[in-house]
>>> print(open('query_5.txt').read())   # compact mmCIF, C-alpha atoms
# COMPACT_ATOMS: atom_id res chain seq x y z
CA MET A 7 -8.27 -153.59 -114.81
CA SER A 8 -11.94 -152.64 -115.17
CA LYS A 9 -14.42 -155.01 -116.79
CA PRO A 10 -14.93 -154.64 -120.54
CA LEU A 11 -18.21 -152.97 -121.52
CA VAL A 12 -20.49 -154.40 -124.21
CA ALA A 13 -23.26 -152.11 -125.51
CA ILE A 14 -26.30 -153.68 -127.18
CA VAL A 15 -27.62 -151.23 -129.76
CA GLY A 16 -30.09 -151.27 -132.62
CA ARG A 17 -33.36 -149.85 -133.80
CA PRO A 18 -36.49 -150.35 -131.65
CA ASN A 19 -38.11 -153.73 -131.09
CA VAL A 20 -35.35 -156.01 -132.37
CA GLY A 21 -35.02 -157.89 -129.06
CA LYS A 22 -32.24 -156.00 -127.29
CA SER A 23 -33.74 -156.30 -123.80
CA THR A 24 -34.51 -160.00 -124.25
CA LEU A 25 -30.90 -160.63 -125.25
CA PHE A 26 -29.66 -158.50 -122.35
CA ASN A 27 -31.68 -160.60 -119.89
CA LYS A 28 -30.30 -163.81 -121.37
CA LEU A 29 -26.69 -162.62 -121.15
CA VAL A 30 -26.85 -161.40 -117.55
CA GLY A 31 -29.02 -164.32 -116.44
CA LYS A 32 -31.66 -162.15 -114.81
CA ARG A 33 -34.89 -160.49 -115.86
CA ILE A 34 -33.64 -156.95 -115.34
CA ALA A 35 -34.70 -155.16 -118.50
CA ILE A 36 -38.41 -154.73 -119.20
CA VAL A 37 -39.37 -156.81 -122.22
CA GLU A 38 -42.44 -155.60 -124.12
CA ASP A 39 -43.34 -156.01 -127.78
CA MET A 40 -43.55 -152.30 -128.46
CA PRO A 41 -40.90 -149.72 -129.36
CA GLY A 42 -39.54 -147.26 -126.83
CA VAL A 43 -39.89 -149.33 -123.67
CA THR A 44 -36.17 -149.14 -122.80
CA ARG A 45 -35.27 -145.46 -122.57
CA ASP A 46 -32.35 -145.38 -120.13
CA ARG A 47 -29.31 -147.59 -120.29
CA ILE A 48 -29.36 -150.59 -117.98
CA TYR A 49 -26.20 -152.30 -116.74
CA GLY A 50 -25.69 -155.95 -115.86
CA ASP A 51 -22.67 -158.19 -115.32
CA ALA A 52 -22.12 -161.34 -117.36
CA THR A 53 -19.49 -164.04 -117.73
CA TRP A 54 -18.39 -166.25 -120.58
CA LEU A 55 -15.67 -168.86 -120.07
CA THR A 56 -12.91 -166.98 -118.23
CA HIS A 57 -14.20 -163.54 -119.21
CA SER A 58 -16.18 -161.25 -116.93
CA PHE A 59 -17.77 -158.19 -118.51
CA THR A 60 -20.58 -155.65 -118.22
CA VAL A 61 -23.49 -155.47 -120.64
CA ILE A 62 -25.37 -152.22 -121.36
CA ASP A 63 -28.93 -152.38 -122.66
CA THR A 64 -29.97 -149.29 -124.61
CA GLY A 65 -33.13 -147.87 -126.07
CA GLY A 66 -33.96 -148.26 -129.73
CA ILE A 67 -32.20 -145.74 -131.99
CA GLU A 68 -34.40 -143.85 -134.42
CA LEU A 69 -32.24 -141.32 -136.22
CA VAL A 70 -35.04 -139.88 -138.34
CA ARG A 71 -37.32 -138.93 -135.45
CA GLU A 72 -36.74 -135.61 -133.68
CA ASP A 73 -39.22 -135.67 -130.78
CA VAL A 74 -37.82 -135.12 -127.28
CA ILE A 75 -38.07 -138.76 -126.16
CA SER A 76 -36.36 -140.08 -129.29
CA GLN A 77 -33.56 -137.54 -128.90
CA GLN A 78 -33.00 -138.56 -125.28
CA ILE A 79 -32.96 -142.26 -126.16
CA ARG A 80 -30.50 -141.56 -128.97
CA ARG A 81 -28.22 -139.57 -126.66
CA GLN A 82 -28.27 -142.36 -124.08
CA ALA A 83 -27.29 -144.86 -126.77
CA GLU A 84 -24.52 -142.56 -128.01
CA LEU A 85 -23.08 -142.39 -124.49
CA ALA A 86 -23.19 -146.18 -124.27
CA ILE A 87 -21.31 -146.41 -127.55
CA GLU A 88 -18.68 -143.93 -126.30
CA MET A 89 -18.10 -145.97 -123.15
CA ALA A 90 -18.23 -149.45 -124.74
CA ASP A 91 -15.26 -151.63 -125.63
CA VAL A 92 -17.39 -153.77 -127.96
CA ILE A 93 -20.66 -152.84 -129.71
CA LEU A 94 -23.24 -155.58 -130.25
CA PHE A 95 -25.40 -154.42 -133.15
CA LEU A 96 -28.70 -156.31 -133.07
CA VAL A 97 -31.03 -156.54 -136.08
CA ASP A 98 -34.30 -158.38 -136.76
CA GLY A 99 -33.96 -161.45 -139.01
CA ARG A 100 -37.70 -161.85 -139.46
CA GLU A 101 -38.30 -158.31 -140.62
CA GLY A 102 -35.14 -158.14 -142.71
CA MET A 103 -32.88 -155.17 -143.28
CA THR A 104 -34.45 -151.72 -143.07
CA ALA A 105 -33.34 -148.17 -143.75
CA ASP A 106 -33.12 -147.64 -139.99
CA ASP A 107 -30.63 -150.52 -139.75
CA GLU A 108 -28.49 -148.86 -142.42
CA ASN A 109 -28.63 -145.53 -140.58
CA VAL A 110 -27.57 -147.12 -137.29
CA ALA A 111 -24.77 -149.01 -139.06
CA ASP A 112 -23.44 -145.73 -140.47
CA MET A 113 -23.39 -144.23 -136.98
CA LEU A 114 -21.62 -147.26 -135.50
CA ARG A 115 -18.91 -147.28 -138.15
CA ARG A 116 -17.93 -143.75 -137.12
CA SER A 117 -17.31 -144.98 -133.55
CA GLN A 118 -14.30 -147.03 -134.74
CA LYS A 119 -15.10 -149.61 -132.06
CA PRO A 120 -15.20 -153.40 -132.56
CA ILE A 121 -18.71 -154.23 -133.82
CA VAL A 122 -20.40 -157.65 -133.66
CA LEU A 123 -23.45 -157.96 -135.93
CA ALA A 124 -26.15 -160.30 -134.62
CA VAL A 125 -29.30 -161.22 -136.57
CA ASN A 126 -31.97 -161.97 -133.97
CA LYS A 127 -35.25 -163.95 -134.09
CA VAL A 128 -33.77 -166.60 -136.37
CA ASP A 129 -35.39 -169.61 -134.71
CA ALA A 130 -36.52 -171.42 -137.86
CA PRO A 131 -34.76 -172.33 -141.14
CA LYS A 132 -37.08 -170.11 -143.19
CA PHE A 133 -35.59 -167.01 -141.54
CA GLU A 134 -31.93 -167.96 -142.06
CA ASP A 135 -31.72 -166.64 -145.62
CA SER A 136 -32.57 -163.12 -144.40
CA ALA A 137 -29.20 -163.00 -142.62
CA TYR A 138 -27.39 -162.77 -145.96
CA ASP A 139 -28.99 -159.37 -146.63
CA PHE A 140 -27.03 -157.89 -143.73
CA TYR A 141 -23.65 -158.59 -145.35
CA SER A 142 -24.25 -155.40 -147.33
CA LEU A 143 -23.81 -153.35 -144.11
CA GLY A 144 -20.08 -154.06 -144.31
CA LEU A 145 -19.81 -155.02 -140.64
CA GLY A 146 -18.48 -158.53 -141.07
CA THR A 147 -20.21 -161.89 -140.95
CA PRO A 148 -23.68 -161.74 -139.37
CA ILE A 149 -24.23 -164.20 -136.51
CA THR A 150 -27.73 -165.70 -136.43
CA ILE A 151 -29.32 -166.05 -133.00
CA SER A 152 -32.62 -166.29 -131.22
CA SER A 153 -32.36 -164.48 -127.91
CA ALA A 154 -35.81 -165.71 -126.86
CA GLN A 155 -34.83 -169.36 -127.47
CA ALA A 156 -31.15 -168.89 -126.43
CA LEU A 157 -30.00 -170.21 -129.82
CA GLY A 158 -26.56 -169.29 -131.13
CA LEU A 159 -25.52 -167.38 -128.01
CA GLY A 160 -22.30 -169.36 -127.58
CA ASP A 161 -21.03 -168.40 -131.03
CA LEU A 162 -22.11 -164.81 -130.38
CA LEU A 163 -20.24 -164.63 -127.07
CA ASP A 164 -17.12 -166.15 -128.64
CA GLU A 165 -17.12 -163.32 -131.14
CA ILE A 166 -17.79 -160.66 -128.52
CA VAL A 167 -14.87 -161.60 -126.27
CA LYS A 168 -12.49 -161.46 -129.25
CA GLY A 169 -13.00 -157.69 -129.25
CA PHE A 170 -12.08 -157.15 -125.60
CA PRO A 171 -8.98 -155.04 -124.90
CA VAL A 172 -5.86 -157.09 -124.32
CA GLN A 173 -4.87 -156.85 -120.68
CA GLU A 174 -1.24 -155.88 -120.53
CA GLU A 175 1.05 -157.84 -118.27
CA GLU A 176 2.09 -156.00 -115.15
CA ASN A 177 5.48 -154.44 -115.59
CA GLU A 178 7.95 -153.32 -113.02
CA GLY A 179 7.97 -149.61 -112.34
CA PRO A 180 5.27 -147.02 -111.86
CA GLN A 181 1.92 -147.45 -113.60
CA VAL A 182 -0.59 -144.67 -114.25
CA ARG A 183 -3.16 -144.58 -111.44
CA GLN A 184 -6.71 -143.55 -112.28
CA ILE A 185 -8.26 -141.73 -109.30
CA ALA A 186 -11.97 -140.88 -109.40
CA VAL A 187 -13.26 -138.22 -107.00
CA VAL A 188 -16.96 -138.86 -106.37
CA GLY A 189 -19.73 -137.76 -104.06
CA LYS A 190 -22.86 -135.65 -103.79
CA PRO A 191 -22.94 -132.10 -105.16
CA ASN A 192 -21.27 -129.39 -103.08
CA VAL A 193 -19.17 -131.61 -100.83
CA GLY A 194 -15.92 -130.08 -102.13
CA LYS A 195 -14.81 -132.50 -104.84
CA SER A 196 -13.41 -129.82 -107.16
CA SER A 197 -11.78 -128.03 -104.23
CA LEU A 198 -10.08 -131.28 -103.28
CA VAL A 199 -8.87 -131.82 -106.84
CA ASN A 200 -7.47 -128.29 -106.98
CA ALA A 201 -5.81 -128.72 -103.59
CA ILE A 202 -4.14 -131.96 -104.65
CA LEU A 203 -2.90 -130.43 -107.89
CA GLY A 204 -1.95 -127.07 -106.39
CA ASP A 205 1.58 -127.68 -105.14
CA ASP A 206 2.84 -131.00 -106.39
CA ARG A 207 1.57 -131.34 -109.91
CA THR A 208 3.56 -131.59 -113.07
CA ILE A 209 0.69 -131.25 -115.49
CA VAL A 210 1.16 -132.82 -118.88
CA SER A 211 -2.15 -131.47 -120.17
CA ASP A 212 -5.66 -130.62 -119.04
CA VAL A 213 -7.81 -133.01 -121.05
CA PRO A 214 -11.58 -132.57 -120.75
CA GLY A 215 -13.68 -135.72 -120.91
CA THR A 216 -16.27 -136.39 -123.57
CA THR A 217 -18.84 -134.61 -121.42
CA ARG A 218 -18.38 -131.35 -119.60
CA ASP A 219 -18.73 -132.81 -116.12
CA ALA A 220 -15.85 -135.32 -115.93
CA ILE A 221 -12.40 -133.80 -116.39
CA ASP A 222 -9.31 -136.00 -116.59
CA THR A 223 -6.15 -134.28 -115.37
CA PRO A 224 -2.85 -136.15 -115.77
CA PHE A 225 -0.13 -135.21 -113.27
CA SER A 226 2.84 -136.75 -111.49
CA HIS A 227 3.89 -136.86 -107.87
CA LYS A 228 7.23 -138.25 -106.63
CA GLY A 229 7.74 -140.06 -109.93
CA GLN A 230 4.30 -141.71 -109.98
CA GLN A 231 1.93 -140.88 -112.84
CA TYR A 232 -1.74 -140.24 -112.03
CA VAL A 233 -4.94 -139.25 -113.79
CA LEU A 234 -7.28 -137.40 -111.46
CA VAL A 235 -10.95 -137.45 -112.54
CA ASP A 236 -13.17 -134.71 -111.14
CA THR A 237 -16.77 -135.87 -111.53
CA ALA A 238 -20.21 -134.30 -111.29
CA GLY A 239 -22.13 -134.61 -108.05
CA ILE A 240 -24.36 -137.68 -107.95
CA ARG A 241 -27.85 -136.84 -106.74
CA ARG A 242 -30.77 -139.13 -106.03
CA LYS A 243 -32.44 -140.35 -109.22
CA ARG A 244 -35.81 -138.82 -108.40
CA ALA A 245 -34.11 -135.45 -108.00
CA ILE A 246 -32.87 -135.45 -111.59
CA GLU A 247 -35.77 -136.95 -113.51
CA ASP A 248 -36.30 -133.77 -115.55
CA ALA A 249 -32.68 -132.64 -115.74
CA THR A 250 -31.50 -134.36 -118.92
CA VAL A 251 -28.01 -132.83 -119.00
CA GLU A 252 -27.39 -133.64 -115.35
CA ARG A 253 -28.60 -137.19 -115.85
CA TYR A 254 -25.93 -137.65 -118.52
CA SER A 255 -23.36 -136.17 -116.12
CA VAL A 256 -24.26 -138.69 -113.43
CA ILE A 257 -23.86 -141.51 -115.95
CA ARG A 258 -20.40 -140.21 -116.78
CA SER A 259 -19.54 -140.08 -113.07
CA LEU A 260 -20.54 -143.71 -112.63
CA GLY A 261 -18.42 -144.54 -115.66
CA ALA A 262 -15.45 -142.82 -114.00
CA ILE A 263 -15.85 -145.13 -111.00
CA ARG A 264 -15.83 -148.16 -113.26
CA ARG A 265 -12.50 -147.24 -114.88
CA ALA A 266 -10.80 -146.00 -111.71
CA ASP A 267 -8.04 -147.79 -109.84
CA VAL A 268 -8.85 -145.92 -106.62
CA THR A 269 -11.96 -143.94 -105.72
CA LEU A 270 -12.03 -141.02 -103.29
CA ILE A 271 -15.52 -140.86 -101.75
CA VAL A 272 -15.95 -137.28 -100.53
CA VAL A 273 -18.52 -136.46 -97.83
CA ASP A 274 -19.36 -133.22 -96.01
CA ALA A 275 -18.31 -133.21 -92.35
CA GLU A 276 -21.01 -130.67 -91.47
CA GLN A 277 -23.82 -132.72 -93.02
CA GLY A 278 -22.59 -136.12 -91.93
CA LEU A 279 -23.20 -139.28 -93.90
CA SER A 280 -26.49 -139.16 -95.80
CA GLU A 281 -28.49 -141.92 -97.47
CA GLN A 282 -27.14 -140.81 -100.83
CA ASP A 283 -23.53 -140.94 -99.55
CA VAL A 284 -24.15 -144.55 -98.51
CA ARG A 285 -25.67 -145.31 -101.93
CA ILE A 286 -22.62 -143.90 -103.72
CA ALA A 287 -20.28 -145.85 -101.45
CA GLY A 288 -22.31 -148.98 -102.15
CA TYR A 289 -21.83 -148.51 -105.88
CA VAL A 290 -18.06 -148.20 -105.38
CA HIS A 291 -18.10 -151.34 -103.23
CA GLU A 292 -20.13 -153.33 -105.77
CA GLU A 293 -17.73 -152.32 -108.52
CA GLY A 294 -14.89 -153.80 -106.46
CA LYS A 295 -12.91 -150.56 -106.29
CA ALA A 296 -10.28 -149.67 -103.72
CA SER A 297 -11.43 -146.53 -101.95
CA VAL A 298 -10.72 -143.90 -99.32
CA LEU A 299 -13.47 -142.04 -97.46
CA ILE A 300 -12.57 -138.34 -97.50
CA VAL A 301 -14.37 -136.32 -94.81
CA ASN A 302 -14.08 -132.76 -96.08
CA LYS A 303 -14.73 -129.37 -94.42
CA TRP A 304 -13.25 -130.66 -91.17
CA ASP A 305 -12.17 -127.10 -90.35
CA LEU A 306 -15.83 -126.13 -89.85
CA ILE A 307 -16.43 -128.67 -87.07
CA GLU A 308 -16.14 -127.68 -83.42
CA LYS A 309 -13.79 -130.22 -81.95
CA ASP A 310 -12.55 -131.69 -78.72
CA THR A 311 -10.25 -134.63 -78.07
CA HIS A 312 -13.01 -137.15 -78.82
CA THR A 313 -14.59 -135.58 -81.91
CA MET A 314 -12.71 -137.53 -84.56
CA HIS A 315 -13.22 -140.82 -82.72
CA LYS A 316 -16.97 -140.18 -82.50
CA PHE A 317 -17.10 -139.39 -86.22
CA LYS A 318 -15.19 -142.55 -87.10
CA THR A 319 -17.48 -144.67 -84.95
CA GLN A 320 -20.61 -143.18 -86.50
CA LEU A 321 -19.27 -143.50 -90.04
CA ALA A 322 -18.24 -147.11 -89.40
CA ASN A 323 -21.77 -147.91 -88.23
CA ASP A 324 -23.39 -146.25 -91.23
CA LEU A 325 -20.98 -147.97 -93.64
CA ALA A 326 -20.89 -151.38 -91.97
CA PHE A 327 -20.60 -153.11 -95.36
CA MET A 328 -17.39 -151.13 -96.00
CA SER A 329 -15.67 -151.67 -92.68
CA TYR A 330 -12.40 -151.97 -94.59
CA VAL A 331 -12.39 -148.38 -95.90
CA PRO A 332 -9.86 -145.97 -94.35
CA MET A 333 -11.04 -142.48 -93.40
CA LEU A 334 -9.15 -139.23 -93.83
CA PHE A 335 -10.40 -135.97 -92.30
CA ILE A 336 -9.34 -132.96 -94.34
CA SER A 337 -10.10 -129.40 -95.29
CA ALA A 338 -9.64 -128.80 -99.00
CA LYS A 339 -10.09 -125.09 -98.32
CA THR A 340 -7.25 -124.76 -95.79
CA GLY A 341 -5.17 -127.65 -97.09
CA GLN A 342 -5.37 -129.57 -93.80
CA ARG A 343 -4.11 -133.15 -94.39
CA VAL A 344 -4.54 -132.85 -98.16
CA ASN A 345 -0.88 -133.84 -98.50
CA GLN A 346 -1.82 -137.26 -97.06
CA VAL A 347 -4.39 -138.11 -99.74
CA LEU A 348 -1.93 -139.59 -102.24
CA HIS A 349 -0.27 -141.60 -99.45
CA TYR A 350 -3.67 -143.18 -98.77
CA VAL A 351 -4.20 -143.74 -102.51
CA GLU A 352 -0.91 -145.60 -102.84
CA ASP A 353 -1.60 -147.66 -99.73
CA VAL A 354 -5.04 -148.90 -100.79
CA TYR A 355 -3.81 -149.50 -104.34
CA ALA A 356 -1.02 -151.70 -102.98
CA GLN A 357 -3.61 -153.61 -100.97
CA THR A 358 -6.07 -154.15 -103.83
CA SER A 359 -3.29 -155.31 -106.17
CA MET A 360 -1.71 -157.64 -103.58
CA ARG A 361 -0.90 -161.19 -104.73
CA ILE A 362 -0.74 -163.91 -102.10
CA THR A 363 1.06 -167.17 -102.78
CA THR A 364 -1.10 -170.29 -102.74
CA GLY A 365 0.97 -171.81 -99.93
CA THR A 366 0.63 -168.80 -97.65
CA LEU A 367 -3.07 -168.46 -98.45
CA ASN A 368 -3.78 -172.08 -97.53
CA ASP A 369 -1.75 -171.84 -94.33
CA ILE A 370 -4.01 -168.99 -93.24
CA LEU A 371 -7.13 -170.85 -94.43
CA ASN A 372 -6.19 -173.93 -92.40
CA GLU A 373 -5.55 -171.71 -89.39
CA ALA A 374 -8.99 -170.11 -89.76
CA VAL A 375 -10.70 -173.50 -90.06
CA THR A 376 -8.88 -174.75 -86.97
CA VAL A 377 -9.94 -171.73 -84.92
CA THR A 378 -13.60 -172.00 -86.00
CA GLN A 379 -14.94 -175.19 -87.53
CA PRO A 380 -16.99 -174.92 -90.75
CA PRO A 381 -20.78 -175.18 -90.41
CA SER A 382 -22.80 -178.36 -90.87
CA ASP A 383 -26.33 -179.01 -92.07
CA LYS A 384 -28.37 -182.17 -91.42
CA GLY A 385 -25.28 -184.10 -90.42
CA ARG A 386 -23.16 -182.94 -93.37
CA ARG A 387 -20.23 -180.65 -92.60
CA LEU A 388 -18.64 -178.23 -95.00
CA LYS A 389 -15.15 -179.27 -96.04
CA ILE A 390 -12.80 -176.68 -97.52
CA TYR A 391 -10.06 -178.39 -99.50
CA TYR A 392 -7.95 -175.45 -100.63
CA ALA A 393 -8.01 -171.85 -101.84
CA THR A 394 -6.35 -170.02 -104.72
CA GLN A 395 -6.15 -166.35 -105.66
CA VAL A 396 -7.41 -165.90 -109.23
CA ALA A 397 -7.41 -162.11 -109.63
CA ILE A 398 -6.43 -158.75 -108.17
CA CYS A 399 -8.19 -155.37 -108.10
CA PRO A 400 -10.01 -156.52 -106.04
CA PRO A 401 -8.30 -159.58 -104.52
CA THR A 402 -10.41 -162.52 -105.67
CA PHE A 403 -10.21 -166.01 -104.19
CA VAL A 404 -11.75 -169.34 -105.18
CA LEU A 405 -12.41 -171.82 -102.36
CA LYS A 406 -12.84 -175.47 -103.39
CA VAL A 407 -15.30 -177.27 -101.13
CA ASN A 408 -17.32 -180.50 -100.97
CA ASP A 409 -20.70 -178.72 -101.34
CA PRO A 410 -21.10 -174.93 -101.84
CA ALA A 411 -24.63 -175.12 -100.40
CA LEU A 412 -23.11 -175.85 -96.99
CA MET A 413 -21.23 -172.54 -96.95
CA HIS A 414 -23.27 -170.26 -94.69
CA PHE A 415 -23.10 -166.52 -95.27
CA SER A 416 -21.80 -165.91 -91.76
CA TYR A 417 -18.92 -168.34 -92.20
CA GLU A 418 -18.01 -166.79 -95.53
CA ARG A 419 -17.90 -163.41 -93.80
CA TYR A 420 -15.76 -164.95 -91.04
CA LEU A 421 -13.23 -166.18 -93.61
CA GLU A 422 -13.16 -162.79 -95.31
CA ASN A 423 -12.47 -161.07 -91.97
CA TYR A 424 -9.78 -163.64 -91.12
CA PHE A 425 -8.04 -162.99 -94.43
CA ARG A 426 -8.16 -159.26 -93.68
CA LYS A 427 -6.72 -159.76 -90.23
CA SER A 428 -3.90 -161.87 -91.67
CA PHE A 429 -3.04 -159.97 -94.87
CA GLY A 430 -4.27 -156.44 -94.21
CA LEU A 431 -6.20 -155.71 -97.42
CA THR A 432 -7.19 -152.26 -96.16
CA GLY A 433 -9.30 -150.13 -98.44
CA THR A 434 -10.29 -152.88 -100.87
CA PRO A 435 -13.22 -155.25 -101.21
CA ILE A 436 -12.54 -158.99 -101.26
CA ARG A 437 -14.29 -161.42 -103.57
CA LEU A 438 -14.79 -165.03 -102.45
CA TYR A 439 -16.17 -167.62 -104.88
CA ILE A 440 -17.19 -171.00 -103.52
CA ARG A 441 -16.81 -173.87 -105.99
CA PRO A 442 -17.17 -177.64 -105.72
CA ARG A 443 -13.90 -179.53 -106.10
CA GLY A 444 -13.42 -180.42 -109.74
CA HIS A 445 -15.45 -177.44 -110.98
CA GLU A 446 -13.57 -175.48 -113.65
CA GLU A 447 -12.24 -172.31 -112.09
CA GLU A 448 -13.65 -169.12 -113.48
CA LYS A 449 -11.40 -166.11 -113.25
CA LYS A 450 -13.36 -163.10 -112.21
>>> encode(input="query_5.txt", output="C-alpha cells")
Amino acid sequence: MSKPLVAIVGRPNVGKSTLFNKLVGKRIAIVEDMPGVTRDRIYGDATWLTHSFTVIDTGGIELVREDVISQQIRRQAELAIEMADVILFLVDGREGMTADDENVADMLRRSQKPIVLAVNKVDAPKFEDSAYDFYSLGLGTPITISSAQALGLGDLLDEIVKGFPVQEEENEGPQVRQIAVVGKPNVGKSSLVNAILGDDRTIVSDVPGTTRDAIDTPFSHKGQQYVLVDTAGIRRKRAIEDATVERYSVIRSLGAIRRADVTLIVVDAEQGLSEQDVRIAGYVHEEGKASVLIVNKWDLIEKDTHTMHKFKTQLANDLAFMSYVPMLFISAKTGQRVNQVLHYVEDVYAQTSMRITTGTLNDILNEAVTVTQPPSDKGRRLKIYYATQVAICPPTFVLKVNDPALMHFSYERYLENYFRKSFGLTGTPIRLYIRPRGHEEEKK
C-alpha cells in the first residue's frame, strides 16, 4: 500500500511552505514573504501517530492571472490535487477571506477529494474571530493554526488522517498488481509493455491516465490480475527546464512509481548504466518499492560465455545500494526472455509482502548477534532486546535496544544483510527502525 498523499494548496503567501517544513520536520521548501517563490511541487515524508504519509507543497494559485508563470504554477497545483488523497486548503487568518480564496475553494470542491480547511497565522486571540468568515466557503469547520509557531498542528493532523483511504485487509486469492515500467527515454519501455501484453493478455480495457504519458493497461495472466503502467522517459532535470509538458510527464512517471507494487527499471544494454539510470533506481529504492532491473536490447550485444557475468558484476558495482535487485536480460524486440518478466514480478512481490513471525525473526536476530557482537562506545555496548515486523511492502522491522545512538551504521547494514541471507527478501528494500525499549512503536 503506497503512502497517502496530502497536497497543501491555497493562494500565494498564506504560509504553505512554512507549514510544509513544519510537517516534514525539515527546512526543504524555500520560505520567503513574497508570492510566487514556490513554483514546482515539493515532496516530503511526514508521520503522525501510526500514520506515515507524503506531503506536497505547491505554488500559490491565482486563477485570475494568465501570465505564463501563473499558468504553470496553477497546472502544477492541479496535478498535485489530482494525485492527492487529502487536500489541505490553507488560508490567511490575518488577512481574512478574499475573492481568491473563494475561487480556489470552488476549484477544490470540483475535485471531490477530502478537504481540510486550515486558517493560518492565528497566533493571537485578536485573529481568531476571522476564522468564522471561512465557514461561508462550505468546506467544513475551519481549523485555526499558526504554522510559524507550530500552534494547532495536532488538531490539524488529526483531521488530515481521518481522510486517508482505508487500507483493506489482505484477502486470500489474487490481488491486482500495479507494475510501473520506468527508465530514461528510448530504452524500450513501450516495446517491453507491448511485448508483455502481446501474447498473454486478456485486456479488460485500455484506460489512459490523466496525462498523455502514463497509460494504465489492465490485463490478466494465469489468473492473476495486473495493471501495467507505461510511463514517460525520465530525463535529467536540467534537460527539461524549458519543456513544460515533459516536466508534467516526468511528475506523472514519479507518481506511477509511488503507487506501484513492483517497478521494472529498464536500462539500455548498449549504453550501459548511466548516472540518470542510477538516479531513477535510487528514487525507486527510496520509495521502498520492489523492483526488477530489466536490461533491454540484449540482442544487440556481442556476447561470449562471460558477457552476462561481466554485465552483472558491473551493474552490481554501479548499483551497490540496490544489491538486492534481480537482473533480467531481455530483448523486447525479439521477445527474448520477455516471458520471464512476470515470473520475476511475482517473485519480488512475494518477497516484499513476506510476513515473518516474531519468534522466527528473533531466532535469526539472536543468531546474528552471536556471530558478530554489537558495537560498543566508551565502554557502553549496544544491547538488542528483540525485533518485530510492523509492516510489509517493504518489510519493515523495529529493533528495541538500550540506546539507539550505539547502533553504528555498519552494524545496521550487517543485520539487514543477515536478514536477507536468512529470509531471502530478493528484490525488495528492507526498513529497520531502531527504538529504545519502552518507546511507542510507530508503524511505518
>>> closest_residue(input="query_5.txt", among="A:Leu143, A:Leu96, A:Leu55, A:Leu270", to="A:Leu348", atoms="all atoms listed in the file")
A:Leu270
>>> atom_distance(input="query_5.txt", atom1="atom CA of A:Phe327", atom2="atom CA of A:Thr402")
17.3 Å
>>> atom_distance(input="query_5.txt", atom1="atom CA of A:Gln277", atom2="atom CA of A:Glu308")
13.3 Å
>>> atom_distance(input="query_5.txt", atom1="atom CA of A:Val97", atom2="atom CA of A:Leu157")
15.1 Å
>>> residues_around(input="query_5.txt", residues="stretch 282-298 of chain A", least_positions_apart="3", cutoff="9 Å", atoms="all atoms listed in the file", output="PyMOL selection string")
chain A and resi 8+188-190+240-242+260+263-264+266-273+279+324-325+327-328+331-334+347+350-351+354-355+357-358+399-401+432-437
>>> residues_around(input="query_5.txt", residues="A:Asp274", least_positions_apart="5", cutoff="8 Å", atoms="only C-alpha atoms", output="ChimeraX atom specification")
/A:193-194,279,301-303
>>> write_last_selection(input="query_5.txt", atoms="C-alpha atoms", output="mmCIF file, in the coordinates of the input")
data_model
loop_
_atom_site.group_PDB
_atom_site.id
_atom_site.type_symbol
_atom_site.label_atom_id
_atom_site.label_comp_id
_atom_site.auth_asym_id
_atom_site.auth_seq_id
_atom_site.Cartn_x
_atom_site.Cartn_y
_atom_site.Cartn_z
ATOM 1 C CA VAL A 193 -19.170 -131.610 -100.830
ATOM 2 C CA GLY A 194 -15.920 -130.080 -102.130
ATOM 3 C CA LEU A 279 -23.200 -139.280 -93.900
ATOM 4 C CA VAL A 301 -14.370 -136.320 -94.810
ATOM 5 C CA ASN A 302 -14.080 -132.760 -96.080
ATOM 6 C CA LYS A 303 -14.730 -129.370 -94.420
#
>>> residues_around(input="query_5.txt", residues="A:Ile202", least_positions_apart="6", cutoff="12 Å", atoms="all atoms listed in the file", output="JSON, numbers by chain")
{"A": [185, 187, 195, 196, 208, 209, 223, 224, 225, 226, 227, 232, 233, 234, 235, 236, 336, 337, 338, 339, 340, 341, 342, 343, 344, 345, 346, 347, 348, 349, 351]}
>>> closest_residue(input="query_5.txt", among="A:Val167, A:Ser359, A:Asn408, A:Leu438", to="A:Thr56", atoms="only C-alpha atoms")
A:Val167
>>> residues_near_point(input="query_5.txt", point="(-19.3, -158.7, -128.4)", cutoff="6 Å", atoms="all atoms listed in the file", output="ChimeraX atom specification")
/A:92,94,122,165-167
>>> closest_residue(input="query_5.txt", among="A:Gly99, A:Pro10, A:Gly278, A:Pro148", to="A:Ala130", atoms="only C-alpha atoms")
A:Gly99
>>> closest_residue(input="query_5.txt", among="A:Asn368, A:Ser382, A:Thr150, A:Thr376", to="A:Ala137", atoms="all atoms listed in the file")
A:Thr150
